[in-house]
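Asks: The structure file structure_4.pdb (PDB, C-alpha atoms and all ligand atoms) is provided below.
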ATOM      1  CA  MET A   1     108.347 106.430  87.724  1.00  0.00           C
ATOM      2  CA  ALA A   2     111.792 104.959  88.410  1.00  0.00           C
ATOM      3  CA  ALA A   3     112.177 101.226  88.114  1.00  0.00           C
ATOM      4  CA  ILE A   4     112.234  99.166  91.307  1.00  0.00           C
ATOM      5  CA  VAL A   5     114.851  96.410  91.303  1.00  0.00           C
ATOM      6  CA  GLU A   6     114.871  93.444  93.672  1.00  0.00           C
ATOM      7  CA  VAL A   7     117.629  90.839  93.592  1.00  0.00           C
ATOM      8  CA  LEU A   8     116.610  87.490  95.116  1.00  0.00           C
ATOM      9  CA  SER A   9     119.228  84.982  96.206  1.00  0.00           C
ATOM     10  CA  SER A  10     117.682  82.108  94.270  1.00  0.00           C
ATOM     11  CA  VAL A  11     115.202  81.426  91.487  1.00  0.00           C
ATOM     12  CA  ASP A  12     112.901  79.766  94.038  1.00  0.00           C
ATOM     13  CA  LEU A  13     112.844  82.945  96.130  1.00  0.00           C
ATOM     14  CA  LEU A  14     112.300  84.993  92.961  1.00  0.00           C
ATOM     15  CA  ILE A  15     109.246  82.866  92.124  1.00  0.00           C
ATOM     16  CA  GLN A  16     107.950  83.092  95.703  1.00  0.00           C
ATOM     17  CA  ARG A  17     108.307  86.896  95.637  1.00  0.00           C
ATOM     18  CA  ALA A  18     106.678  87.108  92.215  1.00  0.00           C
ATOM     19  CA  THR A  19     103.771  84.962  93.385  1.00  0.00           C
ATOM     20  CA  ALA A  20     103.173  87.194  96.406  1.00  0.00           C
ATOM     21  CA  LEU A  21     103.374  90.353  94.285  1.00  0.00           C
ATOM     22  CA  VAL A  22     101.010  89.056  91.612  1.00  0.00           C
ATOM     23  CA  ILE A  23      98.448  87.916  94.192  1.00  0.00           C
ATOM     24  CA  GLU A  24      98.718  91.262  95.997  1.00  0.00           C
ATOM     25  CA  GLN A  25      98.191  93.223  92.787  1.00  0.00           C
ATOM     26  CA  LEU A  26      95.290  91.078  91.603  1.00  0.00           C
ATOM     27  CA  LYS A  27      93.528  91.504  94.950  1.00  0.00           C
ATOM     28  CA  ALA A  28      94.152  95.275  94.921  1.00  0.00           C
ATOM     29  CA  ALA A  29      92.740  95.617  91.402  1.00  0.00           C
ATOM     30  CA  ILE A  30      89.646  93.629  92.344  1.00  0.00           C
ATOM     31  CA  ALA A  31      89.170  95.758  95.453  1.00  0.00           C
ATOM     32  CA  ASP A  32      89.521  98.960  93.414  1.00  0.00           C
ATOM     33  CA  ARG A  33      87.654  98.072  90.225  1.00  0.00           C
ATOM     34  CA  GLY A  34      85.829  94.809  90.788  1.00  0.00           C
ATOM     35  CA  MET A  35      88.085  92.859  88.454  1.00  0.00           C
ATOM     36  CA  ALA A  36      91.725  92.389  87.486  1.00  0.00           C
ATOM     37  CA  THR A  37      93.347  92.306  84.049  1.00  0.00           C
ATOM     38  CA  LEU A  38      96.621  90.397  83.821  1.00  0.00           C
ATOM     39  CA  ALA A  39      98.792  89.881  80.745  1.00  0.00           C
ATOM     40  CA  LEU A  40     101.214  86.979  80.984  1.00  0.00           C
ATOM     41  CA  SER A  41     104.643  86.512  79.484  1.00  0.00           C
ATOM     42  CA  GLY A  42     105.810  83.351  77.833  1.00  0.00           C
ATOM     43  CA  GLY A  43     109.094  81.525  77.971  1.00  0.00           C
ATOM     44  CA  SER A  44     110.396  79.296  80.735  1.00  0.00           C
ATOM     45  CA  THR A  45     111.049  81.657  83.662  1.00  0.00           C
ATOM     46  CA  PRO A  46     107.409  82.331  84.586  1.00  0.00           C
ATOM     47  CA  LYS A  47     106.268  78.682  84.362  1.00  0.00           C
ATOM     48  CA  PRO A  48     106.818  77.927  88.106  1.00  0.00           C
ATOM     49  CA  LEU A  49     105.071  81.197  88.942  1.00  0.00           C
ATOM     50  CA  TYR A  50     101.992  80.057  87.011  1.00  0.00           C
ATOM     51  CA  ALA A  51     102.124  76.689  88.770  1.00  0.00           C
ATOM     52  CA  ALA A  52     102.284  78.499  92.143  1.00  0.00           C
ATOM     53  CA  LEU A  53      99.339  80.732  91.234  1.00  0.00           C
ATOM     54  CA  ALA A  54      97.292  77.604  90.545  1.00  0.00           C
ATOM     55  CA  GLN A  55      97.512  76.867  94.289  1.00  0.00           C
ATOM     56  CA  ALA A  56      96.296  80.341  95.276  1.00  0.00           C
ATOM     57  CA  SER A  57      92.815  81.009  96.546  1.00  0.00           C
ATOM     58  CA  LEU A  58      91.571  83.847  94.366  1.00  0.00           C
ATOM     59  CA  PRO A  59      88.206  84.937  92.931  1.00  0.00           C
ATOM     60  CA  TRP A  60      89.151  83.637  89.485  1.00  0.00           C
ATOM     61  CA  GLU A  61      85.827  84.727  88.004  1.00  0.00           C
ATOM     62  CA  LYS A  62      87.006  88.326  88.541  1.00  0.00           C
ATOM     63  CA  ILE A  63      90.393  87.830  86.880  1.00  0.00           C
ATOM     64  CA  HIS A  64      90.969  88.146  83.133  1.00  0.00           C
ATOM     65  CA  PHE A  65      94.012  86.528  81.548  1.00  0.00           C
ATOM     66  CA  PHE A  66      95.669  87.891  78.451  1.00  0.00           C
ATOM     67  CA  TRP A  67      99.131  87.269  76.998  1.00  0.00           C
ATOM     68  CA  GLY A  68     101.651  89.954  76.113  1.00  0.00           C
ATOM     69  CA  ASP A  69     102.854  87.873  73.202  1.00  0.00           C
ATOM     70  CA  GLU A  70     102.323  84.557  71.501  1.00  0.00           C
ATOM     71  CA  ARG A  71     104.257  82.359  69.143  1.00  0.00           C
ATOM     72  CA  TYR A  72     102.399  81.878  65.851  1.00  0.00           C
ATOM     73  CA  VAL A  73     101.590  78.216  66.508  1.00  0.00           C
ATOM     74  CA  PRO A  74      98.472  76.258  67.507  1.00  0.00           C
ATOM     75  CA  VAL A  75      97.685  76.055  71.216  1.00  0.00           C
ATOM     76  CA  ASP A  76      98.699  72.364  71.301  1.00  0.00           C
ATOM     77  CA  HIS A  77     102.160  73.169  69.901  1.00  0.00           C
ATOM     78  CA  PRO A  78     104.970  72.805  72.503  1.00  0.00           C
ATOM     79  CA  ASP A  79     106.015  76.432  71.875  1.00  0.00           C
ATOM     80  CA  SER A  80     102.571  77.895  72.627  1.00  0.00           C
ATOM     81  CA  ASN A  81     102.549  80.320  75.548  1.00  0.00           C
ATOM     82  CA  GLN A  82      98.808  79.807  75.857  1.00  0.00           C
ATOM     83  CA  GLY A  83      99.283  76.046  75.825  1.00  0.00           C
ATOM     84  CA  MET A  84     101.920  76.188  78.576  1.00  0.00           C
ATOM     85  CA  THR A  85      99.758  78.446  80.738  1.00  0.00           C
ATOM     86  CA  ARG A  86      96.671  76.273  80.297  1.00  0.00           C
ATOM     87  CA  GLN A  87      98.691  73.206  81.291  1.00  0.00           C
ATOM     88  CA  VAL A  88     100.210  74.585  84.507  1.00  0.00           C
ATOM     89  CA  LEU A  89      97.566  77.112  85.584  1.00  0.00           C
ATOM     90  CA  LEU A  90      94.334  77.621  83.680  1.00  0.00           C
ATOM     91  CA  ASN A  91      93.345  73.957  83.538  1.00  0.00           C
ATOM     92  CA  GLN A  92      93.917  73.747  87.313  1.00  0.00           C
ATOM     93  CA  ILE A  93      91.578  76.562  88.431  1.00  0.00           C
ATOM     94  CA  PRO A  94      87.822  77.267  88.196  1.00  0.00           C
ATOM     95  CA  ILE A  95      88.078  80.111  85.714  1.00  0.00           C
ATOM     96  CA  PRO A  96      85.310  80.888  83.221  1.00  0.00           C
ATOM     97  CA  SER A  97      86.416  80.365  79.622  1.00  0.00           C
ATOM     98  CA  GLU A  98      85.337  83.923  78.782  1.00  0.00           C
ATOM     99  CA  ASN A  99      88.048  85.164  81.175  1.00  0.00           C
ATOM    100  CA  ILE A 100      90.777  83.672  79.002  1.00  0.00           C
ATOM    101  CA  HIS A 101      91.667  86.032  76.155  1.00  0.00           C
ATOM    102  CA  ALA A 102      94.095  84.104  73.976  1.00  0.00           C
ATOM    103  CA  MET A 103      95.875  85.676  71.047  1.00  0.00           C
ATOM    104  CA  PRO A 104      94.518  84.030  67.865  1.00  0.00           C
ATOM    105  CA  THR A 105      97.129  82.207  65.786  1.00  0.00           C
ATOM    106  CA  GLY A 106      94.962  80.177  63.462  1.00  0.00           C
ATOM    107  CA  SER A 107      94.055  82.236  60.387  1.00  0.00           C
ATOM    108  CA  GLY A 108      97.406  81.834  58.641  1.00  0.00           C
ATOM    109  CA  ASP A 109      97.613  85.637  58.472  1.00  0.00           C
ATOM    110  CA  PRO A 110      99.478  87.024  61.529  1.00  0.00           C
ATOM    111  CA  ALA A 111      98.593  90.632  60.689  1.00  0.00           C
ATOM    112  CA  LYS A 112      94.904  89.760  60.561  1.00  0.00           C
ATOM    113  CA  ASP A 113      95.119  87.854  63.837  1.00  0.00           C
ATOM    114  CA  ALA A 114      96.941  90.785  65.459  1.00  0.00           C
ATOM    115  CA  ALA A 115      94.218  93.171  64.260  1.00  0.00           C
ATOM    116  CA  ASP A 116      91.497  90.798  65.450  1.00  0.00           C
ATOM    117  CA  HIS A 117      93.075  90.567  68.894  1.00  0.00           C
ATOM    118  CA  GLU A 118      93.427  94.340  69.053  1.00  0.00           C
ATOM    119  CA  ALA A 119      89.713  94.607  68.297  1.00  0.00           C
ATOM    120  CA  HIS A 120      89.030  92.089  71.056  1.00  0.00           C
ATOM    121  CA  VAL A 121      91.153  94.048  73.557  1.00  0.00           C
ATOM    122  CA  ARG A 122      89.426  97.288  72.598  1.00  0.00           C
ATOM    123  CA  SER A 123      86.025  95.671  72.923  1.00  0.00           C
ATOM    124  CA  PHE A 124      86.899  94.203  76.318  1.00  0.00           C
ATOM    125  CA  PHE A 125      88.110  97.547  77.669  1.00  0.00           C
ATOM    126  CA  GLN A 126      85.318  99.354  75.812  1.00  0.00           C
ATOM    127  CA  THR A 127      87.646 101.824  74.203  1.00  0.00           C
ATOM    128  CA  SER A 128      87.864 102.564  70.495  1.00  0.00           C
ATOM    129  CA  SER A 129      90.683 105.094  70.679  1.00  0.00           C
ATOM    130  CA  ALA A 130      92.355 105.361  74.098  1.00  0.00           C
ATOM    131  CA  ILE A 131      95.126 102.958  75.070  1.00  0.00           C
ATOM    132  CA  PRO A 132      93.743 100.660  77.782  1.00  0.00           C
ATOM    133  CA  SER A 133      95.596 100.047  81.053  1.00  0.00           C
ATOM    134  CA  PHE A 134      96.190  96.492  82.160  1.00  0.00           C
ATOM    135  CA  ASP A 135      96.443  96.146  85.912  1.00  0.00           C
ATOM    136  CA  LEU A 136      99.576  94.040  85.557  1.00  0.00           C
ATOM    137  CA  ILE A 137     101.736  92.932  82.649  1.00  0.00           C
ATOM    138  CA  LEU A 138     104.359  90.250  83.298  1.00  0.00           C
ATOM    139  CA  LEU A 139     107.430  90.434  81.122  1.00  0.00           C
ATOM    140  CA  GLY A 140     110.533  88.357  80.628  1.00  0.00           C
ATOM    141  CA  LEU A 141     113.834  89.332  79.081  1.00  0.00           C
ATOM    142  CA  GLY A 142     115.588  87.547  76.279  1.00  0.00           C
ATOM    143  CA  ASP A 143     119.387  87.343  76.337  1.00  0.00           C
ATOM    144  CA  ASP A 144     119.267  89.659  73.299  1.00  0.00           C
ATOM    145  CA  GLY A 145     117.303  92.257  75.255  1.00  0.00           C
ATOM    146  CA  HIS A 146     113.901  91.514  73.711  1.00  0.00           C
ATOM    147  CA  THR A 147     110.757  91.514  75.794  1.00  0.00           C
ATOM    148  CA  ALA A 148     107.341  90.205  74.821  1.00  0.00           C
ATOM    149  CA  SER A 149     107.995  89.627  71.113  1.00  0.00           C
ATOM    150  CA  LEU A 150     109.647  92.988  70.559  1.00  0.00           C
ATOM    151  CA  PHE A 151     112.931  91.869  69.065  1.00  0.00           C
ATOM    152  CA  PRO A 152     115.987  94.013  68.330  1.00  0.00           C
ATOM    153  CA  HIS A 153     115.841  96.206  65.216  1.00  0.00           C
ATOM    154  CA  THR A 154     112.426  94.915  64.133  1.00  0.00           C
ATOM    155  CA  ASP A 155     109.503  96.853  62.685  1.00  0.00           C
ATOM    156  CA  ALA A 156     107.361  96.097  65.753  1.00  0.00           C
ATOM    157  CA  LEU A 157     109.465  98.620  67.704  1.00  0.00           C
ATOM    158  CA  ASP A 158     108.110 101.413  65.504  1.00  0.00           C
ATOM    159  CA  VAL A 159     104.416 100.527  65.829  1.00  0.00           C
ATOM    160  CA  ASN A 160     103.007 103.272  68.019  1.00  0.00           C
ATOM    161  CA  ASP A 161      99.453 103.530  66.685  1.00  0.00           C
ATOM    162  CA  ARG A 162      98.305 100.002  67.483  1.00  0.00           C
ATOM    163  CA  LEU A 163      97.834  97.860  70.584  1.00  0.00           C
ATOM    164  CA  VAL A 164      98.856  94.544  69.051  1.00  0.00           C
ATOM    165  CA  THR A 165     101.214  93.900  66.167  1.00  0.00           C
ATOM    166  CA  VAL A 166     103.281  91.212  64.489  1.00  0.00           C
ATOM    167  CA  GLY A 167     106.702  90.568  65.995  1.00  0.00           C
ATOM    168  CA  ASN A 168     109.503  88.860  64.166  1.00  0.00           C
ATOM    169  CA  LYS A 169     111.944  86.412  65.670  1.00  0.00           C
ATOM    170  CA  ASP A 170     114.497  85.325  63.036  1.00  0.00           C
ATOM    171  CA  GLY A 171     111.810  85.492  60.364  1.00  0.00           C
ATOM    172  CA  GLN A 172     109.223  83.646  62.459  1.00  0.00           C
ATOM    173  CA  PRO A 173     106.055  85.677  63.127  1.00  0.00           C
ATOM    174  CA  ARG A 174     104.781  86.257  66.639  1.00  0.00           C
ATOM    175  CA  LEU A 175     101.932  88.367  67.989  1.00  0.00           C
ATOM    176  CA  THR A 176     102.913  90.974  70.539  1.00  0.00           C
ATOM    177  CA  PHE A 177     101.605  93.852  72.581  1.00  0.00           C
ATOM    178  CA  THR A 178     103.092  97.102  71.327  1.00  0.00           C
ATOM    179  CA  ILE A 179     105.273  99.410  73.372  1.00  0.00           C
ATOM    180  CA  PRO A 180     102.448 101.953  73.909  1.00  0.00           C
ATOM    181  CA  LEU A 181     100.125  99.256  75.246  1.00  0.00           C
ATOM    182  CA  ILE A 182     102.804  97.865  77.555  1.00  0.00           C
ATOM    183  CA  ASN A 183     103.682 101.337  78.829  1.00  0.00           C
ATOM    184  CA  GLN A 184     100.044 102.119  79.619  1.00  0.00           C
ATOM    185  CA  ALA A 185      99.989  99.369  82.258  1.00  0.00           C
ATOM    186  CA  ARG A 186      99.356 100.261  85.885  1.00  0.00           C
ATOM    187  CA  SER A 187     102.125  97.854  86.797  1.00  0.00           C
ATOM    188  CA  ILE A 188     104.885  95.953  85.007  1.00  0.00           C
ATOM    189  CA  LEU A 189     106.719  93.018  86.573  1.00  0.00           C
ATOM    190  CA  PHE A 190     109.859  91.663  84.908  1.00  0.00           C
ATOM    191  CA  LEU A 191     111.113  88.229  85.921  1.00  0.00           C
ATOM    192  CA  VAL A 192     114.744  87.648  84.912  1.00  0.00           C
ATOM    193  CA  ALA A 193     117.042  84.809  85.905  1.00  0.00           C
ATOM    194  CA  GLY A 194     120.345  83.445  84.701  1.00  0.00           C
ATOM    195  CA  ALA A 195     123.833  84.570  83.730  1.00  0.00           C
ATOM    196  CA  ASN A 196     122.871  84.736  80.062  1.00  0.00           C
ATOM    197  CA  LYS A 197     120.747  87.823  80.799  1.00  0.00           C
ATOM    198  CA  GLN A 198     123.613  89.880  82.276  1.00  0.00           C
ATOM    199  CA  THR A 199     124.726  91.576  79.062  1.00  0.00           C
ATOM    200  CA  ALA A 200     121.206  92.706  78.233  1.00  0.00           C
ATOM    201  CA  LEU A 201     120.597  93.881  81.802  1.00  0.00           C
ATOM    202  CA  LYS A 202     123.767  95.960  81.810  1.00  0.00           C
ATOM    203  CA  ALA A 203     122.619  97.672  78.597  1.00  0.00           C
ATOM    204  CA  ILE A 204     119.058  98.141  79.804  1.00  0.00           C
ATOM    205  CA  PHE A 205     120.094  99.837  83.028  1.00  0.00           C
ATOM    206  CA  GLN A 206     122.627 102.055  81.284  1.00  0.00           C
ATOM    207  CA  ASP A 207     121.382 105.643  81.296  1.00  0.00           C
ATOM    208  CA  GLY A 208     121.000 107.781  78.190  1.00  0.00           C
ATOM    209  CA  ASP A 209     122.271 106.471  74.822  1.00  0.00           C
ATOM    210  CA  THR A 210     118.925 105.997  73.053  1.00  0.00           C
ATOM    211  CA  GLU A 211     120.829 104.154  70.325  1.00  0.00           C
ATOM    212  CA  LEU A 212     120.750 101.211  72.695  1.00  0.00           C
ATOM    213  CA  ASP A 213     116.938 101.162  72.740  1.00  0.00           C
ATOM    214  CA  ARG A 214     116.544  99.387  69.403  1.00  0.00           C
ATOM    215  CA  GLN A 215     119.337  96.975  70.241  1.00  0.00           C
ATOM    216  CA  TYR A 216     117.824  96.141  73.639  1.00  0.00           C
ATOM    217  CA  PRO A 217     114.069  96.720  73.221  1.00  0.00           C
ATOM    218  CA  ALA A 218     113.238  96.154  76.909  1.00  0.00           C
ATOM    219  CA  ARG A 219     114.696  99.688  77.311  1.00  0.00           C
ATOM    220  CA  PHE A 220     111.498 100.979  75.690  1.00  0.00           C
ATOM    221  CA  VAL A 221     109.482  99.729  78.680  1.00  0.00           C
ATOM    222  CA  ARG A 222     108.930 102.816  80.832  1.00  0.00           C
ATOM    223  CA  PRO A 223     105.365 102.459  82.087  1.00  0.00           C
ATOM    224  CA  GLN A 224     103.314 105.299  83.490  1.00  0.00           C
ATOM    225  CA  GLY A 225     102.777 103.003  86.443  1.00  0.00           C
ATOM    226  CA  GLU A 226     105.133 100.882  88.529  1.00  0.00           C
ATOM    227  CA  CYS A 227     107.976  98.992  86.850  1.00  0.00           C
ATOM    228  CA  ARG A 228     109.507  96.318  89.049  1.00  0.00           C
ATOM    229  CA  TRP A 229     112.341  93.952  88.157  1.00  0.00           C
ATOM    230  CA  LEU A 230     112.832  90.685  90.037  1.00  0.00           C
ATOM    231  CA  LEU A 231     116.283  89.306  89.319  1.00  0.00           C
ATOM    232  CA  ASP A 232     117.929  86.193  90.638  1.00  0.00           C
ATOM    233  CA  ALA A 233     121.413  86.590  92.144  1.00  0.00           C
ATOM    234  CA  THR A 234     123.160  85.531  88.937  1.00  0.00           C
ATOM    235  CA  ALA A 235     121.332  87.972  86.682  1.00  0.00           C
ATOM    236  CA  GLY A 236     121.548  90.617  89.403  1.00  0.00           C
ATOM    237  CA  GLN A 237     125.354  90.616  89.261  1.00  0.00           C
ATOM    238  CA  ALA A 238     124.940  92.670  86.081  1.00  0.00           C
ATOM    239  CA  ILE A 239     123.733  95.798  87.815  1.00  0.00           C
TER     240      ILE A 239
HETATM  241  C1  LIG B   1     108.199  84.433  74.844  1.00  0.00           C
HETATM  242  C2  LIG B   1     108.297  85.503  75.880  1.00  0.00           C
HETATM  243  C3  LIG B   1     109.657  86.136  75.792  1.00  0.00           C
HETATM  244  C4  LIG B   1     110.387  85.615  77.018  1.00  0.00           C
HETATM  245  C5  LIG B   1     111.861  85.834  76.916  1.00  0.00           C
HETATM  246  C6  LIG B   1     112.577  85.205  78.116  1.00  0.00           C
HETATM  247  O1  LIG B   1     107.139  84.272  74.237  1.00  0.00           O
HETATM  248  O2  LIG B   1     109.198  83.697  74.733  1.00  0.00           O
HETATM  249  O3  LIG B   1     107.295  86.291  76.049  1.00  0.00           O
HETATM  250  O4  LIG B   1     109.668  87.525  75.759  1.00  0.00           O
HETATM  251  O5  LIG B   1     109.859  86.285  78.164  1.00  0.00           O
HETATM  252  O6  LIG B   1     112.310  85.235  75.723  1.00  0.00           O
HETATM  253  O7  LIG B   1     112.338  83.823  78.064  1.00  0.00           O
HETATM  254  P1  LIG B   1     112.861  82.867  79.246  1.00  0.00           P
HETATM  255  O8  LIG B   1     112.073  83.230  80.459  1.00  0.00           O
HETATM  256  O9  LIG B   1     112.545  81.473  78.756  1.00  0.00           O
HETATM  257  O10 LIG B   1     114.335  83.151  79.396  1.00  0.00           O
END
I need this file expressed as structure tokens, please.
Replies:
Amino acid sequence: MAAIVEVLSSVDLLIQRATALVIEQLKAAIADRGMATLALSGGSTPKPLYAALAQASLPWEKIHFFWGDERYVPVDHPDSNQGMTRQVLLNQIPIPSENIHAMPTGSGDPAKDAADHEAHVRSFFQTSSAIPSFDLILLGLGDDGHTASLFPHTDALDVNDRLVTVGNKDGQPRLTFTIPLINQARSILFLVAGANKQTALKAIFQDGDTELDRQYPARFVRPQGECRWLLDATAGQAI
């Protein structure tokens, strides 16, 4: 399915649009299947979206939160994606603790934690072999073209037989969904803002040239479902 690209004239309007889209997709999933599975991205761009979702009136007990990637730090570390999301969203809403599926980062062995989280995801979706489909996976874009914690020219880009693996940012371990798991999603929503993302966006939306895929890993994201990009006006100048 071809990517859908929306350019919003400001970051505020991008966040408003993202909030409406996320709410719409959560409600549709609940209507169709009785629950919704959402994987969140980290970084700074989605933080106001999470704060806006905290004001929404949703059946939180039917919504399950995962993360597409996590820094290998404790939840109370300032870099923790889980910690940020709990602060601005999860601590503000009546959501059962069993609906929060954090990536473990405490064993000291990232590969073990990645395998444990994969087992948890498989158990949740009750599948031992098939690749499960999240209703919605939110993704950001690094200025180097990474998404989740799939960084350029790293081993994680070659992991096609797992759901969760260890990413590597400048030698620092991270846990990340793999490309196959991301691409199995019913819907992907990228949120990208800022001039520093223009170079990566130009490369990502360039046709052909598979050599670019490993340099700009977000190019690997071609879900079987919908792939929508929300860009602010500055980032959108790139395409
Ligand atoms: C993370 C994210 C990462 C992020 C990009 C963009 O854990 O940092 O998952 O992939 O989305 O680095 O980050 P910004 O939104 O802060 O630019």
Asks: Any residue with an atom at most 9 Å from ligand LIG 1 (chain B) counts, using all atoms listed in the file. Which are they? Put them as a PyMOL selection string.
Replies: chain A and resi 40-47+67-71+79-81+138-151+174+176+190-194+196-197
Asks: I would like the residues chosen by the PyMOL selection byres (((chain A and resi 160) around 12) and not hetatm) on the shown file; could you give them as a list of chain:residue names?
Replies: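 Listing what the PyMOL selection byres (((chain A and resi 160) around 12) and not hetatm) selects in the shown file: A:Ile131, A:Asp155, A:Ala156, A:Leu157, A:Asp158, A:Val159, A:Asp161, A:Arg162, A:Leu163, A:Val164, A:Thr165, A:Phe177, A:Thr178, A:Ile179, A:Pro180, A:Leu181, A:Ile182, A:Asn183, A:Phe220.
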Asks: Please evaluate the PyMOL selection byres (((chain A and resi 21) around 12) and not hetatm) against the structure above and give the resulting residues as a ChimeraX atom specification.
Replies: /A:6,14-20,22-28,49,53,136,138,187-191,228-230
Asks: Please work out which residues fall within 12 Å of (83.7, 91.1, 75.5), coordinates as given in the file, with all atoms listed in the file counting, and return them as number ranges by chain.
Replies: A: 64, 97-101, 117, 119-127
Asks: Show which residues sit within 7 Å of Ala233 in chain A, as JSON, numbers by chain. Count all atoms listed in the file, and ignore same-chain residues fewer than 5 positions away.
Replies: {"A": [7, 8, 9, 10]}
Asks: Can you tell me, as a VMD selection string, which residues sit within 8 Å of (123.2, 88.7, 88.0) in the file's frame, using all atoms listed in the file?
Replies: chain A and resid 193 to 195 197 to 198 231 to 239
Asks: Within 9 Å of His153 in chain A, counting all atoms listed in the file, which residues qualify if same-chain residues fewer than 6 places away don't, as a PyMOL selection string?
Replies: chain A and resi 214-217
Asks: Which of these residues is nearest to Pro104 in chain A, using all atoms listed in the file: A:Ser57, A:Thr154, A:Gln82, A:Ser129?
Replies: A:Gln82
Asks: Kindly indicate which residue among A:Gly83, A:Asp135, A:Ala51, A:Leu175 lies nearest to Asp116 in chain A, using only C-alpha atoms for the distances.
Replies: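 Checking each candidate against Asp116 in chain A, we get A:Leu175 as the closest.
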Asks: Pick the closest to Ala102 in chain A from A:Ile137, A:Ala130, A:Ala39, A:Val88: which is it, counting all atoms listed in the file?
Replies: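 Once distances to Ala102 in chain A are computed over all atoms listed in the file, the minimum belongs to A:Ala39.
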Asks: The PyMOL selection byres (((chain A and resi 2) around 12) and not hetatm) on the file shown: which residues, as a list in words?
Replies: Met1, Ala3, Ile4, Val5, Ile188, Phe205, Asp207, Val221, Arg222, Pro223, Gln224, Gly225, Glu226, Cys227, Arg228 and Trp229 of chain A
Asks: Just give me the gap between CA of Gln92 in chain A and CA of Pro78 in chain A in Å, one decimal is fine.
Replies: 18.5 Å
Asks: Could you state the separation of CA of Ile204 in chain A and CA of Arg219 in chain A in Å, given to one decimal place?
Replies: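 Between these atoms lies a distance of 5.3 Å.
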Asks: Could you tell me how far CA of Arg86 in chain A sits from CA of Pro110 in chain A, in Å to one decimal place?
Replies: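 A separation of 21.8 Å between them.
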Asks: Please output range 110-125 of chain A, rebuilt to include N, CA and C atoms, as an mmCIF file, in the frame of the given file.
Replies:
data_model
loop_
_atom_site.group_PDB
_atom_site.id
_atom_site.type_symbol
_atom_site.label_atom_id
_atom_site.label_comp_id
_atom_site.auth_asym_id
_atom_site.auth_seq_id
_atom_site.Cartn_x
_atom_site.Cartn_y
_atom_site.Cartn_z
ATOM 1 N N PRO A 110 99.155 86.410 60.228
ATOM 2 C CA PRO A 110 99.478 87.024 61.529
ATOM 3 C C PRO A 110 98.973 88.461 61.670
ATOM 4 N N ALA A 111 99.042 89.226 60.599
ATOM 5 C CA ALA A 111 98.593 90.632 60.689
ATOM 6 C C ALA A 111 97.093 90.686 60.959
ATOM 7 N N LYS A 112 96.348 89.795 60.308
ATOM 8 C CA LYS A 112 94.904 89.760 60.561
ATOM 9 C C LYS A 112 94.616 89.327 61.994
ATOM 10 N N ASP A 113 95.342 88.325 62.457
ATOM 11 C CA ASP A 113 95.119 87.854 63.837
ATOM 12 C C ASP A 113 95.489 88.935 64.850
ATOM 13 N N ALA A 114 96.551 89.682 64.555
ATOM 14 C CA ALA A 114 96.941 90.785 65.459
ATOM 15 C C ALA A 114 95.835 91.837 65.497
ATOM 16 N N ALA A 115 95.294 92.171 64.326
ATOM 17 C CA ALA A 115 94.218 93.171 64.260
ATOM 18 C C ALA A 115 92.965 92.660 64.965
ATOM 19 N N ASP A 116 92.672 91.378 64.782
ATOM 20 C CA ASP A 116 91.497 90.798 65.450
ATOM 21 C C ASP A 116 91.664 90.847 66.967
ATOM 22 N N HIS A 117 92.881 90.542 67.441
ATOM 23 C CA HIS A 117 93.075 90.567 68.894
ATOM 24 C C HIS A 117 93.013 91.997 69.414
ATOM 25 N N GLU A 118 93.533 92.928 68.648
ATOM 26 C CA GLU A 118 93.427 94.340 69.053
ATOM 27 C C GLU A 118 91.963 94.731 69.195
ATOM 28 N N ALA A 119 91.151 94.299 68.237
ATOM 29 C CA ALA A 119 89.713 94.607 68.297
ATOM 30 C C ALA A 119 89.092 93.973 69.544
ATOM 31 N N HIS A 120 89.540 92.770 69.858
ATOM 32 C CA HIS A 120 89.030 92.089 71.056
ATOM 33 C C HIS A 120 89.428 92.852 72.322
ATOM 34 N N VAL A 121 90.677 93.294 72.380
ATOM 35 C CA VAL A 121 91.153 94.048 73.557
ATOM 36 C C VAL A 121 90.365 95.347 73.685
ATOM 37 N N ARG A 122 90.175 96.025 72.566
ATOM 38 C CA ARG A 122 89.426 97.288 72.598
ATOM 39 C C ARG A 122 87.976 97.042 73.038
ATOM 40 N N SER A 123 87.406 95.976 72.544
ATOM 41 C CA SER A 123 86.025 95.671 72.923
ATOM 42 C C SER A 123 85.943 95.340 74.417
ATOM 43 N N PHE A 124 86.915 94.559 74.896
ATOM 44 C CA PHE A 124 86.899 94.203 76.318
ATOM 45 C C PHE A 124 86.992 95.458 77.193
ATOM 46 N N PHE A 125 87.913 96.341 76.841
ATOM 47 C CA PHE A 125 88.110 97.547 77.669
ATOM 48 C C PHE A 125 87.142 98.663 77.293
#
